[in-house]
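Novice: Dropping a structure here in C-alpha cells format, bear with me for questions.
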Amino acid sequence: MISGGGKKQLWGEGHSVACSRATKFCLVLLIAAAIATTSCKRGPTAETSFFPPSNEVAGWVKTTATRTFAAPDLWKYIDGGAEKYLKAGVQSASTADYKFQNRLDAAADIYSMSNAEGAREILESEPLGDAKTPLLGDSSRLHSQSLVFRKGQYLVQIVAYQEYPEAQQALLDLGRGIEKRLPR
C-alpha cells in the first residue's frame, strides 16, 4: 500500500502506530532490565562473605572495614610486589585487619585470581622453608607468624604483626573461618 506522500507502508496506517508503541514498550523493558541487571549485585561481596565477622571465629575481632583493590590498583596495597600477582592473573585483592584476644594483630588478605593455577603459582613461588602444611584448602603453609593457603581460584594470606606463643593455632583458626566462606 502506498500513501499519498509516496512512502511505502508495509502494514497499513493502523499497524504503523501499533508497531511504534510496541517498539517503545520493548525499549522501555530493555532499559529497565539493563538498570536492574547493573544495580543488582551478583552474589555476596568479599566483605560480607569471605571475611568472618567479629567473634565468629573464637577470640578473633575484625578491627577494620574490608578494603578491596582491583588488579590495576594493586600497587596501592602491595608497593613493589604487585607485578608477581598481576602476572599470575589476580583480579582483585581484599584485606581486613583482625585482633586475637587483644594480644595479636593480624592482616588477612584474599586474592581472587582468574583461575586456580594462578593461586597455586603464587603459593608455590615462596620457599617452603620450615613451614608446616596443615590440611586447609587445596594446599597451605603455616609459619610462626603467617598462614598462606589456596582454595580454587582464591589465595589467602594471614600475617601476624607480633610474636605470640599461640599464634600458629590462632592463625589456623582464622584461616579455617575464612576457608569455609570461600566458594569452590
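How things are named: the first chain in the C-alpha cells is A, the next is B, and so on; residues count from 1 in each chain; ligands count from 1 in the order shown.
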List the spatial neighbours of stretch 132-145 of chain A as an MDAnalysis selection string - criterion: any atom at most 12 Å away, only C-alpha atoms, same-chain residues fewer than 3 positions off excluded.
Specialist: chainID A and resid 104:107 116:117 119:129 148:184
Novice: Between A:Asp79, A:Ala58, A:Ser146, A:Gly89, which one has atoms that come closest to A:Asp109, using only C-alpha atoms?
Specialist: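 The shortest atom-to-atom distance to A:Asp109 comes from A:Ser146.
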Novice: Separation of atom CA of A:Tyr77 and atom CA of A:Ser112, in Å?
Specialist: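 We find that atom CA of A:Tyr77 and atom CA of A:Ser112 lie 14.6 Å from each other.
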Novice: Stretch 108-181 of chain A: which residues are strand (DSSP E) by DSSP, as an MDAnalysis selection string?
Specialist: chainID A and resid 108:113 139:142 146:151 154:160
Novice: What is the distance, in Å and to one decimal place, between atom CA of A:Ala93 and atom CA of A:Thr63?
Specialist: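 That distance, rounded to one decimal, is 17.9 Å.
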Novice: Measuring between only C-alpha atoms, which one of A:Leu86, A:Leu147, A:Ile78, A:Ala96 shows the shortest distance to A:Thr64?
Specialist: A:Ala96
Novice: Go through A:Gln101, A:Pro53, A:Tyr111, A:Ala131 one by one, measure the shortest atom-to-atom distance of each to A:Ala82 using only C-alpha atoms, and give the residue with the smallest value.
Specialist: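 With only C-alpha atoms as the atom set, the closest residue is A:Tyr111.
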